[in-house]
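In what follows, a structure is listed as structure tokens, so that the remarks can point back to it.
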Amino acid sequence: MRHTLPVISGSLLLAGLLPAQNPGMTTETTRALIAVSEMGRSTVGPEGSSRSLKFEESDDPTVVAHPVPPHEPLRAARKAAEKAEHLGKKKQHEEAVAEYRVAVALDPLYFEARNNLALELQEAGETDEAEQVLRRLAQANPEHVVVFTNLATLLSGQKRYVEAEAVARQAMKLHRYSFKANLVLGTVLVNEGKWNGAATIKLQYAQLKYAEAKTLLDRWP
């Protein structure tokens, strides 16, 4: 099951992130926020766990400075993954799992197939295997924030907040300016009852991209 908060439409203004209101925010982070604001202020509602690496292009404003050489999956593996994606959209999750297993067997380096295999396992109720797939993938591909946020989201959905926080912090260590990583960590902290300055700063950054962050900030006690 994917756990998402209600989405709010409309623009999010940078004025809510002024350093004067956030003494814990560093000058470096403030500069990053100003630069990000120039990319546009429209919000997007995430569709739960991330399935494609394409979202990383807009998730982290510094990602272009550290390009990851793309892996071109084998044609047969891509075909199996496309079939799996189609089955998943039809909520035929067990069948999707079978096709993703084929894709991964054909091309073990096919990151998205392995990531999406975990998500379909989760949908099929095989959460233990889904977790193990994501943990192995995070170890092998730490350059991709998506696997960390997906793992943290899975753990949070099971109310394993301490573990989810550890994974989210690992994501932040590797991908400091990822909007999704900031959103996930801020949300996990709130779920733990840690309505503190650290959670505030993460959510204030994340609200530039994700309306769920502003939803939490508006509910701040």
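Letters A, B, ... mark the chains of the structure tokens in the order given; residue numbers begin at 1 per chain; ligand numbers begin at 1, in order shown.
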
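Residues surrounding stretch 85-102 of chain A within 10 Å are Arg51, Ala76, Ala77, Arg78, Lys79, Ala80, Ala81, Glu82, Ala105, Leu106, Asp107, Pro108, Glu112, Ala113, Arg114, Asn115, Asn116, Leu117, Ala118, Leu119, Glu120, Leu121, Gln122, Glu123, Ala124, Gly125 and Glu126 of chain A [only C-alpha atoms; sequence separation below 3 positions excluded].
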
Selection near A:Trp220, 10 Å with only C-alpha atoms, sequence-local residues under 4 positions removed, as a PDB file with C-alpha atoms, in the first residue's frame:
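That gives us out-v6.pdb:
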ATOM      1  CA  VAL A 190       6.774  13.943  12.374  1.00  0.00           C
ATOM      2  CA  TRP A 195       7.876  18.141  15.645  1.00  0.00           C
ATOM      3  CA  ASN A 196      11.207  19.916  15.891  1.00  0.00           C
ATOM      4  CA  THR A 200      10.685  21.995   9.962  1.00  0.00           C
ATOM      5  CA  LYS A 214       3.161  22.289   3.266  1.00  0.00           C
ATOM      6  CA  THR A 215       0.217  20.257   4.523  1.00  0.00           C
ATOM      7  CA  LEU A 216       2.317  19.121   7.478  1.00  0.00           C
TER       8      LEU A 216
END

Review point. Leaving out A:Ser58 and any residue of its chain fewer than 3 positions from it, which residues lie within 10 Å of it when counting only C-alpha atoms, given as number ranges by chain?
Key: A: 39, 54-55, 61-64, 178-179, 209

Selection file, C-alpha atoms, as a PDB file, in the first residue's frame:
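The new file out-v1.pdb reads:
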ATOM      1  CA  MET A  39      13.161  26.812 -11.456  1.00  0.00           C
ATOM      2  CA  LYS A  54      13.574  10.367 -14.777  1.00  0.00           C
ATOM      3  CA  PHE A  55      12.174  12.060 -11.679  1.00  0.00           C
ATOM      4  CA  PRO A  61      18.835  20.767  -8.482  1.00  0.00           C
ATOM      5  CA  THR A  62      22.473  19.631  -8.236  1.00  0.00           C
ATOM      6  CA  VAL A  63      22.012  16.336 -10.074  1.00  0.00           C
ATOM      7  CA  VAL A  64      23.215  17.782 -13.384  1.00  0.00           C
ATOM      8  CA  SER A 178      16.865  15.948  -2.960  1.00  0.00           C
ATOM      9  CA  PHE A 179      13.338  17.281  -2.480  1.00  0.00           C
ATOM     10  CA  LYS A 209       8.258  20.585  -4.844  1.00  0.00           C
TER      11      LYS A 209
END

Review point. Contacts of A:Leu53 at 9 Å or less, counting only C-alpha atoms, minus same-chain residues fewer than 4 places along, as a list in words?
Key: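 The neighbour list is Glu57, Phe111, Glu112, His144 and Val146 of chain A.
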
Exercise for review: Among the residues of stretch 35-137 of chain A, find those DSSP assigns to alpha helix (DSSP H) from the backbone and print them as a PyMOL selection string.
Suggested key: chain A and resi 35-37+56-59+75-89+93-106+111-123+127-137

List every residue of stretch 98-163 of chain A that has an atom at most 12 Å from any atom of stretch 169-176 of chain A, and for each one report the closest atom pair and its distance in Å to one decimal, counting only C-alpha atoms, with rows sorted by chain and then by increasing residue number, as a Markdown table.
| residue | atom | partner | partner_atom | distance |
| --- | --- | --- | --- | --- |
| A:Arg135 | CA | A:Gln170 | CA | 12.0 |
| A:Ala138 | CA | A:Ala171 | CA | 9.5 |
| A:Gln139 | CA | A:Gln170 | CA | 11.1 |
| A:Asn141 | CA | A:Leu174 | CA | 11.3 |
| A:Pro142 | CA | A:Leu174 | CA | 7.5 |
| A:Glu143 | CA | A:Leu174 | CA | 7.5 |
| A:His144 | CA | A:His175 | CA | 8.5 |
| A:Val145 | CA | A:Ala171 | CA | 6.1 |
| A:Val146 | CA | A:Ala171 | CA | 8.8 |
| A:Val147 | CA | A:Ala171 | CA | 8.8 |
| A:Phe148 | CA | A:Ala171 | CA | 5.7 |
| A:Thr149 | CA | A:Ala171 | CA | 7.1 |
| A:Asn150 | CA | A:Ala171 | CA | 10.4 |
| A:Leu151 | CA | A:Ala171 | CA | 10.1 |
| A:Ala152 | CA | A:Ala171 | CA | 9.1 |
| A:Thr153 | CA | A:Ala171 | CA | 11.9 |
| A:Tyr161 | CA | A:Arg169 | CA | 11.9 |
| A:Val162 | CA | A:Arg169 | CA | 10.6 |
| A:Glu163 | CA | A:Arg169 | CA | 9.9 |

Please write the residues from the selection above to a file, keeping all heavy atoms, as a compact mmCIF listing (two decimals), in the first residue's frame.
# COMPACT_ATOMS: atom_id res chain seq x y z
N ARG A 135 17.15 -3.00 -0.03
CA ARG A 135 18.39 -2.84 0.73
C ARG A 135 19.61 -3.22 -0.11
O ARG A 135 20.64 -2.53 -0.08
CB ARG A 135 18.33 -3.67 2.02
CG ARG A 135 17.40 -3.09 3.08
CD ARG A 135 17.56 -3.77 4.42
NE ARG A 135 16.64 -3.28 5.42
CZ ARG A 135 16.82 -2.15 6.12
NH1 ARG A 135 17.91 -1.42 5.92
NH2 ARG A 135 15.93 -1.78 7.02
N ALA A 138 20.13 -0.47 -2.67
CA ALA A 138 20.71 0.75 -2.08
C ALA A 138 22.21 0.58 -1.89
O ALA A 138 22.98 1.54 -2.08
CB ALA A 138 20.03 1.06 -0.76
N GLN A 139 22.62 -0.61 -1.52
CA GLN A 139 24.04 -0.87 -1.32
C GLN A 139 24.80 -0.85 -2.65
O GLN A 139 25.92 -0.35 -2.72
CB GLN A 139 24.23 -2.22 -0.63
CG GLN A 139 25.68 -2.54 -0.28
CD GLN A 139 25.83 -3.84 0.50
OE1 GLN A 139 24.87 -4.59 0.64
NE2 GLN A 139 27.01 -4.09 1.01
N ASN A 141 23.68 0.63 -5.54
CA ASN A 141 23.46 1.84 -6.34
C ASN A 141 23.17 3.04 -5.45
O ASN A 141 22.09 3.64 -5.55
CB ASN A 141 22.30 1.62 -7.32
CG ASN A 141 22.57 0.51 -8.31
OD1 ASN A 141 22.21 -0.63 -8.07
ND2 ASN A 141 23.22 0.84 -9.41
N PRO A 142 24.10 3.44 -4.60
CA PRO A 142 23.85 4.57 -3.70
C PRO A 142 23.74 5.91 -4.42
O PRO A 142 23.36 6.90 -3.81
CB PRO A 142 25.07 4.54 -2.76
CG PRO A 142 26.15 3.91 -3.58
CD PRO A 142 25.44 2.86 -4.39
N GLU A 143 24.09 5.92 -5.72
CA GLU A 143 23.99 7.18 -6.47
C GLU A 143 22.55 7.56 -6.78
O GLU A 143 22.27 8.69 -7.20
CB GLU A 143 24.79 7.08 -7.78
CG GLU A 143 24.20 6.13 -8.83
CD GLU A 143 24.64 4.69 -8.66
OE1 GLU A 143 25.18 4.35 -7.59
OE2 GLU A 143 24.44 3.90 -9.60
N HIS A 144 21.62 6.63 -6.57
CA HIS A 144 20.21 6.90 -6.87
C HIS A 144 19.41 7.08 -5.59
O HIS A 144 19.24 6.14 -4.81
CB HIS A 144 19.61 5.77 -7.71
CG HIS A 144 20.16 5.69 -9.10
ND1 HIS A 144 20.17 6.77 -9.96
CD2 HIS A 144 20.74 4.67 -9.77
CE1 HIS A 144 20.71 6.41 -11.11
NE2 HIS A 144 21.07 5.15 -11.02
N VAL A 145 18.90 8.28 -5.39
CA VAL A 145 18.14 8.59 -4.17
C VAL A 145 16.83 7.82 -4.12
O VAL A 145 16.31 7.53 -3.04
CB VAL A 145 17.88 10.11 -4.07
CG1 VAL A 145 16.94 10.59 -5.16
CG2 VAL A 145 17.34 10.48 -2.69
N VAL A 146 16.27 7.47 -5.28
CA VAL A 146 14.95 6.84 -5.34
C VAL A 146 14.88 5.57 -4.51
O VAL A 146 13.87 5.31 -3.85
CB VAL A 146 14.56 6.56 -6.81
CG1 VAL A 146 15.57 5.67 -7.50
CG2 VAL A 146 13.19 5.92 -6.89
N VAL A 147 15.95 4.78 -4.50
CA VAL A 147 15.90 3.51 -3.77
C VAL A 147 15.85 3.75 -2.27
O VAL A 147 15.17 3.03 -1.53
CB VAL A 147 17.09 2.61 -4.16
CG1 VAL A 147 18.41 3.21 -3.72
CG2 VAL A 147 16.92 1.22 -3.56
N PHE A 148 16.52 4.79 -1.79
CA PHE A 148 16.50 5.11 -0.36
C PHE A 148 15.12 5.63 0.06
O PHE A 148 14.60 5.25 1.12
CB PHE A 148 17.56 6.15 -0.03
CG PHE A 148 18.97 5.65 -0.18
CD1 PHE A 148 19.69 5.92 -1.34
CD2 PHE A 148 19.57 4.91 0.81
CE1 PHE A 148 20.99 5.46 -1.50
CE2 PHE A 148 20.87 4.44 0.67
CZ PHE A 148 21.58 4.71 -0.49
N THR A 149 14.54 6.51 -0.75
CA THR A 149 13.23 7.05 -0.38
C THR A 149 12.15 5.97 -0.48
O THR A 149 11.22 5.96 0.33
CB THR A 149 12.87 8.25 -1.27
OG1 THR A 149 12.93 7.90 -2.66
CG2 THR A 149 13.83 9.41 -1.01
N ASN A 150 12.29 5.07 -1.43
CA ASN A 150 11.32 3.97 -1.51
C ASN A 150 11.44 3.04 -0.30
O ASN A 150 10.43 2.61 0.25
CB ASN A 150 11.54 3.16 -2.80
CG ASN A 150 10.99 3.87 -4.02
OD1 ASN A 150 10.24 4.83 -3.92
ND2 ASN A 150 11.38 3.40 -5.20
N LEU A 151 12.67 2.76 0.11
CA LEU A 151 12.87 1.89 1.27
C LEU A 151 12.36 2.56 2.54
O LEU A 151 11.68 1.93 3.37
CB LEU A 151 14.35 1.54 1.42
CG LEU A 151 14.74 0.69 2.64
CD1 LEU A 151 13.93 -0.60 2.70
CD2 LEU A 151 16.25 0.40 2.63
N ALA A 152 12.67 3.83 2.71
CA ALA A 152 12.21 4.55 3.89
C ALA A 152 10.69 4.62 3.92
O ALA A 152 10.06 4.50 4.98
CB ALA A 152 12.80 5.96 3.92
N THR A 153 10.07 4.80 2.75
CA THR A 153 8.62 4.85 2.67
C THR A 153 8.01 3.50 3.04
O THR A 153 6.99 3.42 3.75
CB THR A 153 8.18 5.25 1.26
OG1 THR A 153 8.69 6.55 0.95
CG2 THR A 153 6.66 5.28 1.14
N TYR A 161 9.44 3.43 12.29
CA TYR A 161 9.91 4.80 12.07
C TYR A 161 11.39 5.00 12.38
O TYR A 161 12.05 5.79 11.71
CB TYR A 161 9.06 5.77 12.89
CG TYR A 161 7.60 5.76 12.52
CD1 TYR A 161 6.61 5.59 13.50
CD2 TYR A 161 7.18 5.89 11.20
CE1 TYR A 161 5.27 5.57 13.17
CE2 TYR A 161 5.84 5.88 10.86
CZ TYR A 161 4.89 5.72 11.85
OH TYR A 161 3.56 5.68 11.51
N VAL A 162 11.89 4.31 13.38
CA VAL A 162 13.31 4.47 13.72
C VAL A 162 14.19 3.99 12.56
O VAL A 162 15.15 4.65 12.17
CB VAL A 162 13.65 3.71 15.01
CG1 VAL A 162 15.16 3.75 15.27
CG2 VAL A 162 12.90 4.32 16.20
N GLU A 163 13.83 2.84 11.98
CA GLU A 163 14.57 2.33 10.84
C GLU A 163 14.38 3.22 9.62
O GLU A 163 15.32 3.46 8.85
CB GLU A 163 14.11 0.91 10.52
CG GLU A 163 14.41 -0.11 11.60
CD GLU A 163 13.74 -1.43 11.32
OE1 GLU A 163 14.28 -2.20 10.50
OE2 GLU A 163 12.69 -1.71 11.93

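Taking atom CA of A:Ala84 as the reference point, atom CA of A:Ala103 is found at 8.9 Å.
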
Practice item. Identify which of the residues A:Val104, A:Ala181, A:Leu109, A:Ile201 lies closest to A:Glu72, counting only C-alpha atoms when measuring atom-to-atom distances. Key: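 Ranking A:Val104, A:Ala181, A:Leu109, A:Ile201 by distance to A:Glu72, first place goes to A:Leu109.
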